[in-house]
>>> print(open('run_23.cif').read())   # mmCIF, C-alpha atoms
data_query
#
loop_
_atom_site.label_atom_id
_atom_site.label_comp_id
_atom_site.auth_asym_id
_atom_site.auth_seq_id
_atom_site.Cartn_x
_atom_site.Cartn_y
_atom_site.Cartn_z
CA MET F 1 -45.47 -56.86 -106.32
CA SER F 2 -44.87 -58.57 -109.65
CA ALA F 3 -42.47 -61.44 -110.14
CA ALA F 4 -39.24 -60.95 -112.01
CA PRO F 5 -39.55 -61.46 -115.77
CA GLU F 6 -39.64 -65.08 -116.79
CA THR F 7 -40.05 -66.79 -120.12
CA PRO F 8 -43.45 -68.44 -119.74
CA GLU F 9 -42.87 -71.19 -122.32
CA ALA F 10 -39.37 -72.08 -121.16
CA PRO F 11 -39.15 -75.83 -120.70
CA PRO F 12 -38.12 -76.85 -117.21
CA ASP F 13 -34.40 -76.59 -117.08
CA ALA F 14 -32.48 -79.84 -116.74
CA LEU F 15 -31.05 -78.60 -113.45
CA ALA F 16 -34.44 -77.57 -112.17
CA ALA F 17 -35.78 -81.04 -112.97
CA LEU F 18 -33.11 -82.40 -110.66
CA GLY F 19 -34.16 -80.03 -107.92
CA VAL F 20 -31.15 -77.77 -108.31
CA SER F 21 -31.36 -74.01 -108.78
CA THR F 22 -29.98 -72.65 -112.03
CA PRO F 23 -27.44 -69.85 -111.75
CA ALA F 24 -29.96 -67.55 -113.44
CA ALA F 25 -32.65 -68.37 -110.87
CA LEU F 26 -30.23 -67.83 -108.03
CA GLU F 27 -29.21 -64.49 -109.47
CA GLN F 28 -32.85 -63.45 -109.75
CA GLN F 29 -33.41 -64.51 -106.16
CA LEU F 30 -30.39 -62.50 -105.07
CA THR F 31 -31.69 -59.44 -106.90
CA ARG F 32 -35.08 -59.89 -105.26
CA PHE F 33 -33.50 -60.00 -101.83
CA ALA F 34 -31.44 -56.93 -102.61
CA THR F 35 -34.72 -55.15 -103.34
CA ASP F 36 -36.04 -56.46 -100.02
CA VAL F 37 -33.06 -55.03 -98.20
CA GLY F 38 -33.57 -51.63 -99.77
CA GLU F 39 -37.26 -51.72 -98.94
CA LEU F 40 -36.62 -52.71 -95.33
CA TYR F 41 -34.04 -49.99 -94.98
CA ARG F 42 -36.55 -47.41 -96.22
CA ARG F 43 -39.26 -48.69 -93.88
CA GLN F 44 -36.85 -48.67 -90.97
CA LYS F 45 -35.87 -45.09 -91.70
CA GLU F 46 -39.49 -44.00 -91.95
CA ARG F 47 -40.25 -45.70 -88.66
CA SER F 48 -37.28 -44.04 -86.98
CA GLU F 49 -38.43 -40.66 -88.22
CA LEU F 50 -41.93 -41.27 -86.89
CA LEU F 51 -40.54 -42.38 -83.54
CA GLU F 52 -38.26 -39.37 -83.41
CA GLU F 53 -41.22 -37.13 -84.09
CA ALA F 54 -43.35 -38.81 -81.44
CA LEU F 55 -40.49 -38.52 -78.97
CA GLY F 56 -40.16 -34.82 -79.76
CA GLN F 57 -43.87 -34.33 -79.16
CA MET F 58 -43.63 -36.22 -75.90
CA ARG F 59 -40.74 -34.04 -74.74
CA THR F 60 -42.72 -30.92 -75.60
CA THR F 61 -45.70 -32.26 -73.72
CA TYR F 62 -43.59 -33.07 -70.65
CA LEU F 63 -42.01 -29.65 -70.71
CA GLU F 64 -45.37 -27.89 -71.09
CA THR F 65 -46.86 -29.96 -68.27
CA VAL F 66 -43.94 -29.15 -66.01
CA ARG F 67 -44.18 -25.49 -66.98
CA SER F 68 -47.85 -25.42 -66.04
CA MET F 69 -47.08 -26.97 -62.67
CA ALA F 70 -44.31 -24.46 -62.12
CA TYR F 71 -46.51 -21.52 -63.09
CA VAL F 72 -49.11 -22.59 -60.54
CA VAL F 73 -46.49 -22.21 -57.82
CA GLU F 74 -45.21 -18.99 -59.33
CA ALA F 75 -48.70 -17.51 -59.37
CA LYS F 76 -48.94 -18.12 -55.64
CA ASP F 77 -45.68 -16.33 -55.04
CA ALA F 78 -45.30 -12.57 -55.44
CA TYR F 79 -42.06 -12.94 -57.39
CA THR F 80 -43.19 -13.74 -60.91
CA GLY F 81 -42.16 -12.63 -64.35
CA GLN F 82 -40.11 -14.84 -66.61
CA HIS F 83 -37.79 -15.93 -63.82
CA LEU F 84 -38.57 -19.64 -64.25
CA GLU F 85 -38.08 -19.66 -67.97
CA ARG F 86 -34.79 -17.75 -67.70
CA CYS F 87 -33.54 -20.17 -65.04
CA ARG F 88 -34.35 -23.00 -67.42
CA VAL F 89 -32.59 -21.41 -70.39
CA TYR F 90 -29.52 -20.29 -68.40
CA GLY F 91 -29.39 -23.60 -66.56
CA ASN F 92 -29.54 -25.60 -69.78
CA ALA F 93 -26.78 -23.45 -71.28
CA LEU F 94 -24.57 -23.98 -68.26
CA MET F 95 -25.23 -27.73 -68.17
CA GLN F 96 -24.33 -27.84 -71.85
CA ALA F 97 -21.13 -25.90 -71.29
CA LEU F 98 -20.16 -28.25 -68.46
CA GLY F 99 -20.74 -31.17 -70.82
CA VAL F 100 -23.30 -32.86 -68.55
CA ALA F 101 -26.58 -31.94 -70.26
CA ALA F 102 -27.10 -35.42 -71.72
CA GLU F 103 -26.38 -37.04 -68.38
CA TYR F 104 -29.23 -35.14 -66.68
CA PRO F 105 -31.99 -34.79 -69.29
CA ASP F 106 -34.62 -33.86 -66.70
CA ALA F 107 -32.54 -31.11 -65.08
CA GLU F 108 -34.61 -28.45 -66.85
CA TYR F 109 -37.74 -29.75 -65.15
CA GLY F 110 -35.99 -29.18 -61.85
CA PHE F 111 -34.97 -25.64 -62.86
CA LEU F 112 -38.63 -24.87 -63.55
CA LEU F 113 -40.02 -26.67 -60.52
CA HIS F 114 -37.42 -25.68 -57.93
CA ASP F 115 -40.03 -23.96 -55.75
CA VAL F 116 -42.87 -26.44 -56.29
CA GLY F 117 -42.75 -27.25 -52.57
CA LYS F 118 -44.03 -23.75 -51.84
CA VAL F 119 -47.53 -25.11 -52.47
CA GLY F 120 -47.13 -26.48 -48.96
CA VAL F 121 -46.23 -23.13 -47.43
CA PRO F 122 -49.09 -20.88 -46.27
CA GLU F 123 -49.59 -17.80 -48.39
CA ARG F 124 -49.41 -15.47 -45.40
CA ILE F 125 -45.82 -16.64 -44.89
CA LEU F 126 -44.88 -16.61 -48.58
CA ASN F 127 -46.13 -13.07 -49.14
CA LYS F 128 -45.48 -11.59 -45.73
CA PRO F 129 -44.32 -8.01 -46.22
CA GLY F 130 -42.00 -7.84 -43.21
CA PRO F 131 -39.27 -10.22 -42.02
CA LEU F 132 -40.27 -13.76 -41.06
CA THR F 133 -40.23 -14.94 -37.45
CA ALA F 134 -38.06 -17.90 -36.53
CA ALA F 135 -41.13 -20.14 -36.59
CA GLU F 136 -42.16 -18.84 -40.00
CA TRP F 137 -38.65 -19.50 -41.30
CA ARG F 138 -38.86 -23.08 -40.11
CA VAL F 139 -42.02 -23.50 -42.19
CA MET F 140 -40.50 -21.70 -45.17
CA ARG F 141 -37.47 -23.95 -45.06
CA THR F 142 -39.55 -27.08 -45.50
CA HIS F 143 -40.33 -26.23 -49.12
CA PRO F 144 -37.37 -28.10 -50.69
CA ILE F 145 -38.38 -31.29 -48.89
CA ILE F 146 -42.07 -30.85 -49.73
CA GLY F 147 -41.12 -30.32 -53.37
CA TYR F 148 -38.87 -33.34 -53.31
CA GLN F 149 -41.68 -35.46 -51.92
CA ILE F 150 -43.99 -34.27 -54.68
CA LEU F 151 -41.56 -35.32 -57.41
CA GLN F 152 -39.72 -38.26 -55.95
CA GLY F 153 -42.13 -40.91 -57.25
CA ILE F 154 -41.91 -39.83 -60.87
CA PRO F 155 -39.36 -42.00 -62.68
CA PHE F 156 -38.20 -39.40 -65.22
CA MET F 157 -37.86 -36.72 -62.53
CA THR F 158 -35.01 -38.06 -60.40
CA THR F 159 -32.61 -35.24 -61.27
CA ALA F 160 -35.40 -32.69 -61.07
CA ALA F 161 -36.30 -33.99 -57.60
CA SER F 162 -32.67 -33.69 -56.46
CA ILE F 163 -32.51 -30.09 -57.71
CA VAL F 164 -35.72 -29.24 -55.88
CA ARG F 165 -34.41 -30.81 -52.70
CA CYS F 166 -30.98 -29.18 -52.83
CA HIS F 167 -31.55 -25.79 -54.41
CA HIS F 168 -31.01 -24.01 -51.09
CA GLU F 169 -27.92 -25.95 -50.08
CA MET F 170 -24.64 -24.02 -50.24
CA TRP F 171 -21.17 -25.09 -51.37
CA ASP F 172 -19.69 -24.41 -47.90
CA GLY F 173 -22.39 -26.37 -46.07
CA ASN F 174 -24.30 -23.36 -44.72
CA GLY F 175 -27.47 -24.02 -46.72
CA TYR F 176 -30.61 -25.98 -45.96
CA PRO F 177 -32.39 -28.35 -45.54
CA GLU F 178 -29.47 -30.66 -44.83
CA GLY F 179 -26.35 -28.49 -44.80
CA LEU F 180 -24.75 -30.58 -47.56
CA LYS F 181 -21.43 -29.34 -48.90
CA HIS F 182 -19.30 -29.66 -52.03
CA ASP F 183 -19.93 -32.84 -54.03
CA GLN F 184 -22.66 -33.92 -51.64
CA ILE F 185 -24.82 -31.40 -53.49
CA PRO F 186 -25.84 -32.83 -56.88
CA LEU F 187 -24.15 -30.99 -59.76
CA PRO F 188 -27.44 -29.87 -61.42
CA ALA F 189 -28.45 -28.25 -58.12
CA ARG F 190 -25.10 -26.43 -57.96
CA VAL F 191 -25.74 -25.22 -61.50
CA PHE F 192 -29.19 -24.04 -60.57
CA GLN F 193 -27.95 -22.06 -57.57
CA VAL F 194 -25.71 -19.97 -59.80
CA VAL F 195 -28.24 -19.23 -62.53
CA ASP F 196 -31.00 -18.57 -60.00
CA ALA F 197 -28.86 -16.04 -58.15
CA PHE F 198 -27.70 -14.46 -61.39
CA ASP F 199 -31.26 -14.03 -62.62
CA ALA F 200 -32.40 -12.62 -59.29
CA MET F 201 -29.62 -10.04 -59.44
CA THR F 202 -30.26 -9.05 -63.04
CA THR F 203 -34.01 -8.56 -62.60
CA ASP F 204 -35.71 -5.43 -61.33
CA ARG F 205 -37.52 -6.05 -58.05
CA PRO F 206 -40.06 -3.83 -56.32
CA TYR F 207 -37.47 -2.99 -53.68
CA ARG F 208 -34.39 -2.59 -55.89
CA ALA F 209 -33.29 -2.24 -59.48
CA SER F 210 -31.27 -4.80 -61.44
CA LEU F 211 -27.56 -4.87 -60.66
CA GLY F 212 -26.73 -5.28 -64.33
CA VAL F 213 -24.98 -8.26 -65.90
CA GLU F 214 -21.46 -7.14 -65.13
CA ARG F 215 -21.96 -6.54 -61.42
CA ALA F 216 -24.05 -9.66 -61.06
CA ALA F 217 -21.28 -11.70 -62.67
CA GLU F 218 -18.80 -10.15 -60.23
CA GLU F 219 -21.04 -11.07 -57.31
CA ILE F 220 -21.24 -14.68 -58.52
CA ALA F 221 -17.45 -14.83 -58.82
CA ARG F 222 -17.12 -13.37 -55.33
CA MET F 223 -19.32 -16.07 -53.87
CA ALA F 224 -17.46 -18.89 -55.61
CA GLY F 225 -16.24 -21.29 -52.94
CA THR F 226 -18.64 -20.08 -50.28
CA GLN F 227 -22.16 -20.13 -51.67
CA PHE F 228 -21.34 -21.64 -55.07
CA ASP F 229 -19.25 -24.39 -56.62
CA PRO F 230 -16.10 -22.60 -57.92
CA GLU F 231 -15.89 -24.88 -60.98
CA VAL F 232 -19.47 -24.06 -61.97
CA CYS F 233 -18.78 -20.36 -61.37
CA ARG F 234 -15.73 -20.47 -63.64
CA MET F 235 -17.76 -22.01 -66.43
CA PHE F 236 -20.56 -19.54 -65.83
CA ALA F 237 -18.15 -16.61 -66.12
CA SER F 238 -17.04 -17.88 -69.52
CA LEU F 239 -20.56 -17.97 -70.93
CA VAL F 240 -22.33 -15.14 -69.10
CA ASP F 241 -21.82 -12.68 -71.94
CA ASP F 242 -23.44 -15.06 -74.40
CA LEU F 243 -26.63 -15.60 -72.39
CA PRO F 244 -29.76 -14.23 -74.02
CA GLN F 245 -30.62 -11.06 -72.15
CA ARG F 246 -34.37 -11.40 -72.57
CA VAL F 247 -36.08 -14.74 -72.55
CA MET S 1 -33.05 -78.20 -83.68
CA SER S 2 -35.24 -78.32 -80.61
CA PRO S 3 -38.40 -80.43 -80.79
CA PRO S 4 -41.75 -78.71 -81.24
CA VAL S 5 -43.12 -77.63 -77.90
CA GLY S 6 -46.03 -79.76 -76.70
CA SER S 7 -49.31 -78.56 -75.28
CA GLY S 8 -47.72 -77.45 -72.04
CA GLY S 9 -49.63 -74.22 -71.75
CA LEU S 10 -46.74 -72.37 -73.34
CA GLY S 11 -48.90 -71.34 -76.28
CA ALA S 12 -48.00 -67.67 -76.51
CA ASP S 13 -44.25 -68.12 -76.03
CA ARG S 14 -43.92 -71.13 -78.25
CA LYS S 15 -41.72 -70.66 -81.28
CA ARG S 16 -43.73 -70.71 -84.49
CA VAL S 17 -42.80 -73.69 -86.63
CA VAL S 18 -42.77 -73.71 -90.43
CA LEU S 19 -42.32 -76.74 -92.66
CA VAL S 20 -40.49 -75.87 -95.87
CA VAL S 21 -41.07 -78.26 -98.73
CA ASP S 22 -38.93 -77.82 -101.84
CA ASP S 23 -36.84 -80.20 -103.90
CA ASP S 24 -34.30 -77.42 -104.42
CA GLU S 25 -31.86 -77.44 -101.55
CA ALA S 26 -30.70 -73.88 -102.19
CA ILE S 27 -34.27 -72.58 -101.92
CA ARG S 28 -34.84 -74.53 -98.71
CA ARG S 29 -31.72 -73.03 -97.22
CA VAL S 30 -32.64 -69.52 -98.29
CA VAL S 31 -36.19 -69.81 -96.93
CA ARG S 32 -34.82 -71.27 -93.70
CA THR S 33 -32.42 -68.36 -93.32
CA VAL S 34 -35.16 -65.79 -93.86
CA LEU S 35 -37.55 -67.48 -91.42
CA GLU S 36 -34.98 -68.13 -88.72
CA ALA S 37 -33.97 -64.49 -88.88
CA ASP S 38 -37.54 -63.72 -87.75
CA ASN S 39 -37.35 -66.34 -85.01
CA PHE S 40 -39.29 -69.14 -86.69
CA GLU S 41 -38.32 -72.73 -86.18
CA VAL S 42 -37.87 -74.42 -89.54
CA VAL S 43 -38.36 -78.06 -90.54
CA GLU S 44 -37.46 -79.17 -94.07
CA ALA S 45 -38.71 -81.78 -96.47
CA ALA S 46 -37.16 -82.39 -99.91
CA ASP S 47 -40.28 -83.71 -101.65
CA GLY S 48 -44.01 -84.38 -101.32
CA PRO S 49 -43.87 -87.86 -99.80
CA ALA S 50 -41.31 -86.77 -97.22
CA ALA S 51 -43.51 -83.81 -96.29
CA LEU S 52 -46.62 -85.97 -95.86
CA LEU S 53 -44.71 -88.56 -93.84
CA LEU S 54 -43.38 -85.82 -91.59
CA LEU S 55 -46.84 -84.30 -91.11
CA ASP S 56 -48.24 -87.75 -90.24
CA ALA S 57 -45.41 -88.46 -87.84
CA ILE S 58 -45.85 -85.27 -85.85
CA MET S 59 -49.65 -85.45 -85.73
CA GLY S 60 -51.30 -82.83 -83.61
CA ARG S 61 -48.06 -81.00 -83.01
CA GLY S 62 -47.63 -80.02 -86.62
CA PRO S 63 -46.18 -76.78 -87.89
CA ASP S 64 -48.07 -73.50 -87.84
CA ALA S 65 -47.54 -73.14 -91.57
CA VAL S 66 -46.16 -74.94 -94.60
CA VAL S 67 -44.19 -73.21 -97.33
CA LEU S 68 -44.76 -75.39 -100.35
CA ASP S 69 -43.11 -75.62 -103.75
CA ILE S 70 -45.34 -76.86 -106.56
CA MET S 71 -43.15 -78.52 -109.16
CA MET S 72 -41.67 -81.50 -107.40
CA PRO S 73 -41.13 -85.06 -108.57
CA GLY S 74 -43.47 -87.73 -107.22
CA ILE S 75 -46.30 -85.99 -105.38
CA ASP S 76 -46.43 -82.36 -106.44
CA GLY S 77 -47.16 -79.38 -104.20
CA ILE S 78 -50.80 -79.09 -105.23
CA GLU S 79 -51.44 -82.66 -104.17
CA VAL S 80 -49.57 -82.21 -100.89
CA CYS S 81 -51.63 -79.11 -100.24
CA ARG S 82 -54.84 -81.02 -100.86
CA ARG S 83 -53.91 -83.62 -98.26
CA ILE S 84 -52.96 -81.14 -95.55
CA ASP S 85 -55.31 -80.61 -92.60
CA HIS S 86 -56.14 -76.96 -93.25
CA ASP S 87 -57.76 -76.52 -89.86
CA LYS S 88 -54.42 -77.10 -88.22
CA MET S 89 -52.02 -75.15 -90.42
CA LYS S 90 -51.74 -72.48 -93.07
CA VAL S 91 -50.23 -73.08 -96.49
CA ILE S 92 -48.12 -70.68 -98.50
CA MET S 93 -47.41 -71.85 -102.05
CA LEU S 94 -44.01 -70.76 -103.30
CA SER S 95 -43.60 -71.50 -106.98
CA ALA S 96 -41.76 -70.37 -110.09
CA ARG S 97 -45.04 -70.84 -111.96
CA ASP S 98 -47.11 -67.72 -112.29
CA ASP S 99 -50.07 -68.75 -114.48
CA GLY S 100 -53.75 -68.51 -113.67
CA ASP S 101 -54.40 -72.23 -113.88
CA THR S 102 -51.77 -73.08 -111.30
CA ARG S 103 -52.92 -70.31 -108.99
CA GLU S 104 -56.48 -71.57 -109.27
CA ALA S 105 -55.44 -75.16 -108.64
CA ALA S 106 -53.53 -74.04 -105.56
CA ALA S 107 -56.49 -72.05 -104.25
CA LYS S 108 -58.79 -75.05 -104.83
CA ALA S 109 -56.35 -77.28 -102.98
CA GLY S 110 -56.70 -74.93 -99.99
CA ALA S 111 -53.59 -72.76 -100.24
CA ASP S 112 -53.90 -69.57 -98.19
CA VAL S 113 -51.26 -67.52 -100.00
CA TYR S 114 -49.55 -67.80 -103.36
CA LEU S 115 -46.06 -66.35 -103.79
CA THR S 116 -43.80 -66.61 -106.81
CA LYS S 117 -40.09 -67.24 -107.18
CA PRO S 118 -37.88 -65.34 -107.03
CA PHE S 119 -39.66 -64.56 -103.76
CA SER S 120 -39.62 -61.50 -101.58
CA ALA S 121 -38.51 -62.18 -98.01
CA ILE S 122 -40.72 -59.32 -96.90
CA GLU S 123 -43.79 -60.76 -98.61
CA LEU S 124 -43.13 -64.19 -97.14
CA LEU S 125 -42.74 -62.86 -93.59
CA ASP S 126 -45.69 -60.50 -93.98
CA ALA S 127 -47.84 -63.39 -95.20
CA LEU S 128 -46.87 -65.57 -92.21
CA GLU S 129 -47.55 -62.68 -89.86
CA LYS S 130 -50.97 -62.08 -91.37
CA LEU S 131 -51.91 -65.74 -91.36
CA ALA S 132 -50.99 -66.02 -87.69
CA SER S 133 -53.32 -63.23 -86.63
#
>>> encode(input="run_23.cif", output="structure tokens")
Amino acid sequence: MSAAPETPEAPPDALAALGVSTPAALEQQLTRFATDVGELYRRQKERSELLEEALGQMRTTYLETVRSMAYVVEAKDAYTGQHLERCRVYGNALMQALGVAAEYPDAEYGFLLHDVGKVGVPERILNKPGPLTAAEWRVMRTHPIIGYQILQGIPFMTTAASIVRCHHEMWDGNGYPEGLKHDQIPLPARVFQVVDAFDAMTTDRPYRASLGVERAAEEIARMAGTQFDPEVCRMFASLVDDLPQRV
Amino acid sequence: MSPPVGSGGLGADRKRVVLVVDDDEAIRRVVRTVLEADNFEVVEAADGPAALLLLDAIMGRGPDAVVLDIMMPGIDGIEVCRRIDHDKMKVIMLSARDDGDTREAAAKAGADVYLTKPFSAIELLDALEKLAS
């Protein structure tokens, strides 16, 4: 960078000879610093943009990694399709509507990974055509805890782990594994229960056709207060018509 | 102002110390403000003799760098630079003069960096950063 213009032959100012800055020199210095400030501001902005970009890439990478993990489980289970992705999209929309999305940034990982614990359940039980025996049910019902144990050590997965652990609890305490009720069930898990049930009801299955959005929404409303958190159900009812039908 | 930290094995955490030598009080204050904003500890001297006395007095625990004006009464900056132990500290000349002869004299006297007034705070801090690494 070049210095500010100066008169090369200028004799040392009387003030300068006394070791005192001239007003002109001070003004030049001030101008120089003003340039510095502008330059620093620009650099700072550039750096922020780069960081923002890197953060975005990291988020994408996390999400893709979690998706891959979730798909591994899904592939083992007979019930496939785009269920996971729809649960994620619906769940995010509902979290947003409830105003708690920012509070639980890793909730979507939990929506995707809710059944990750099924890796610990034998395939013959998972895909058994007929009804499960009592013993088989006991094994099946361990999957939330297995999933929780898989995720619990990951620092950015605390909400996700709680969703995995509690996605089969019910509002009235009749769920498993712990029979938690009401606020004992983490809010993101209560959100997941609603969107998971909604998606199950609006998807064609080998043994029955989709109920359709309207009837599914009615079913959800009917189960408010027993299976589901009534507050979450109310919010869900207000946004159900805006949900993307195909994800 | 806290005293320079001795050789207590605190090397990495020790605050970097810079001696600012300028007969212009306003410049000293401005340089101090810039350096302290980046967490340097600043020591001032108002002329060449004072700077050399200070460097003698704090032997072995001297500053990491000296920011040195050139045109000063008595012993000028070039001469001060010549007498500095360049193994122990870096020297940044900071002068209103911007002619080849002065730059050359400064380089010969062992100056590591030559900046002109009005100076850029960014360039000064960048230079100190680079010299430290």
>>> interface_residues(input="run_23.cif", of="chain S", to="chain F", cutoff="7 Å", atoms="all atoms listed in the file", output="JSON, numbers by chain")
{"S": [23, 24, 25, 26, 116, 117, 118, 119, 120, 121, 122]}
>>> write_last_selection(input="run_23.cif", atoms="C-alpha atoms", output="CSV table (one decimal), in the frame of the given file")
chain,number,residue,atom,x,y,z
S,23,ASP,CA,-36.8,-80.2,-103.9
S,24,ASP,CA,-34.3,-77.4,-104.4
S,25,GLU,CA,-31.9,-77.4,-101.6
S,26,ALA,CA,-30.7,-73.9,-102.2
S,116,THR,CA,-43.8,-66.6,-106.8
S,117,LYS,CA,-40.1,-67.2,-107.2
S,118,PRO,CA,-37.9,-65.3,-107.0
S,119,PHE,CA,-39.7,-64.6,-103.8
S,120,SER,CA,-39.6,-61.5,-101.6
S,121,ALA,CA,-38.5,-62.2,-98.0
S,122,ILE,CA,-40.7,-59.3,-96.9
>>> residues_around(input="run_23.cif", residues="Val67 of chain S", least_positions_apart="5", cutoff="7 Å", atoms="all atoms listed in the file", output="list in words")
Leu19, Val20, Val21, Val91, Ile92, Met93 and Leu94 of chain S
>>> residues_around(input="run_23.cif", residues="Val73 of chain F", least_positions_apart="5", cutoff="8 Å", atoms="all atoms listed in the file", output="PyMOL selection string")
chain F and resi 115-116+118-119
>>> resolve_selection(input="run_23.cif", expression="the PyMOL selection byres ((chain S and resi 64) around 9)", output="PyMOL selection string")
chain S and resi 16-19+61-63+65-66+88-91+132
>>> residues_around(input="run_23.cif", residues="Ile150 of chain F", least_positions_apart="2", cutoff="12 Å", atoms="all atoms listed in the file", output="number ranges by chain")
F: 69, 110, 113-120, 143-148, 152-154, 157-158, 160-162, 164-165
>>> atom_distance(input="run_23.cif", atom1="atom CA of Gly173 of chain F", atom2="atom CA of Met235 of chain F")
21.3 Å
>>> closest_residue(input="run_23.cif", among="S:Thr102, S:Arg32, S:Cys81, S:Asp56", to="Leu68 of chain S", atoms="all atoms listed in the file")
S:Cys81
>>> atom_distance(input="run_23.cif", atom1="atom CA of Leu132 of chain F", atom2="atom CA of Pro206 of chain F")
18.2 Å
>>> resolve_selection(input="run_23.cif", expression="the PyMOL selection byres ((chain F and resi 96) around 12)", output="PyMOL selection string")
chain F and resi 88-95+97-105+107-108+188+191+232+235-236+239
>>> atom_distance(input="run_23.cif", atom1="atom CA of Gln44 of chain F", atom2="atom CA of Arg59 of chain F")
22.2 Å
>>> axis_aligned_box(input="run_23.cif", around="segment 20-37 of chain S", padding_each_side="6 Å", output="AutoDock Vina command-line options")
--center_x -35.9 --center_y -72.3 --center_z -96.6 --size_x 22.4 --size_y 27.7 --size_z 27.7
>>> resolve_selection(input="run_23.cif", expression="the PyMOL selection byres ((chain S and resi 80) around 10)", output="NGL selection string")
:S and (21 or 47-49 or 51-52 or 68-70 or 75-79 or 81-84 or 109)
>>> write_last_selection(input="run_23.cif", atoms="C-alpha atoms", output="mmCIF file, keeping the file's coordinate frame")
data_model
loop_
_atom_site.group_PDB
_atom_site.id
_atom_site.type_symbol
_atom_site.label_atom_id
_atom_site.label_comp_id
_atom_site.auth_asym_id
_atom_site.auth_seq_id
_atom_site.Cartn_x
_atom_site.Cartn_y
_atom_site.Cartn_z
ATOM 1 C CA VAL S 21 -41.070 -78.260 -98.730
ATOM 2 C CA ASP S 47 -40.280 -83.710 -101.650
ATOM 3 C CA GLY S 48 -44.010 -84.380 -101.320
ATOM 4 C CA PRO S 49 -43.870 -87.860 -99.800
ATOM 5 C CA ALA S 51 -43.510 -83.810 -96.290
ATOM 6 C CA LEU S 52 -46.620 -85.970 -95.860
ATOM 7 C CA LEU S 68 -44.760 -75.390 -100.350
ATOM 8 C CA ASP S 69 -43.110 -75.620 -103.750
ATOM 9 C CA ILE S 70 -45.340 -76.860 -106.560
ATOM 10 C CA ILE S 75 -46.300 -85.990 -105.380
ATOM 11 C CA ASP S 76 -46.430 -82.360 -106.440
ATOM 12 C CA GLY S 77 -47.160 -79.380 -104.200
ATOM 13 C CA ILE S 78 -50.800 -79.090 -105.230
ATOM 14 C CA GLU S 79 -51.440 -82.660 -104.170
ATOM 15 C CA CYS S 81 -51.630 -79.110 -100.240
ATOM 16 C CA ARG S 82 -54.840 -81.020 -100.860
ATOM 17 C CA ARG S 83 -53.910 -83.620 -98.260
ATOM 18 C CA ILE S 84 -52.960 -81.140 -95.550
ATOM 19 C CA ALA S 109 -56.350 -77.280 -102.980
#
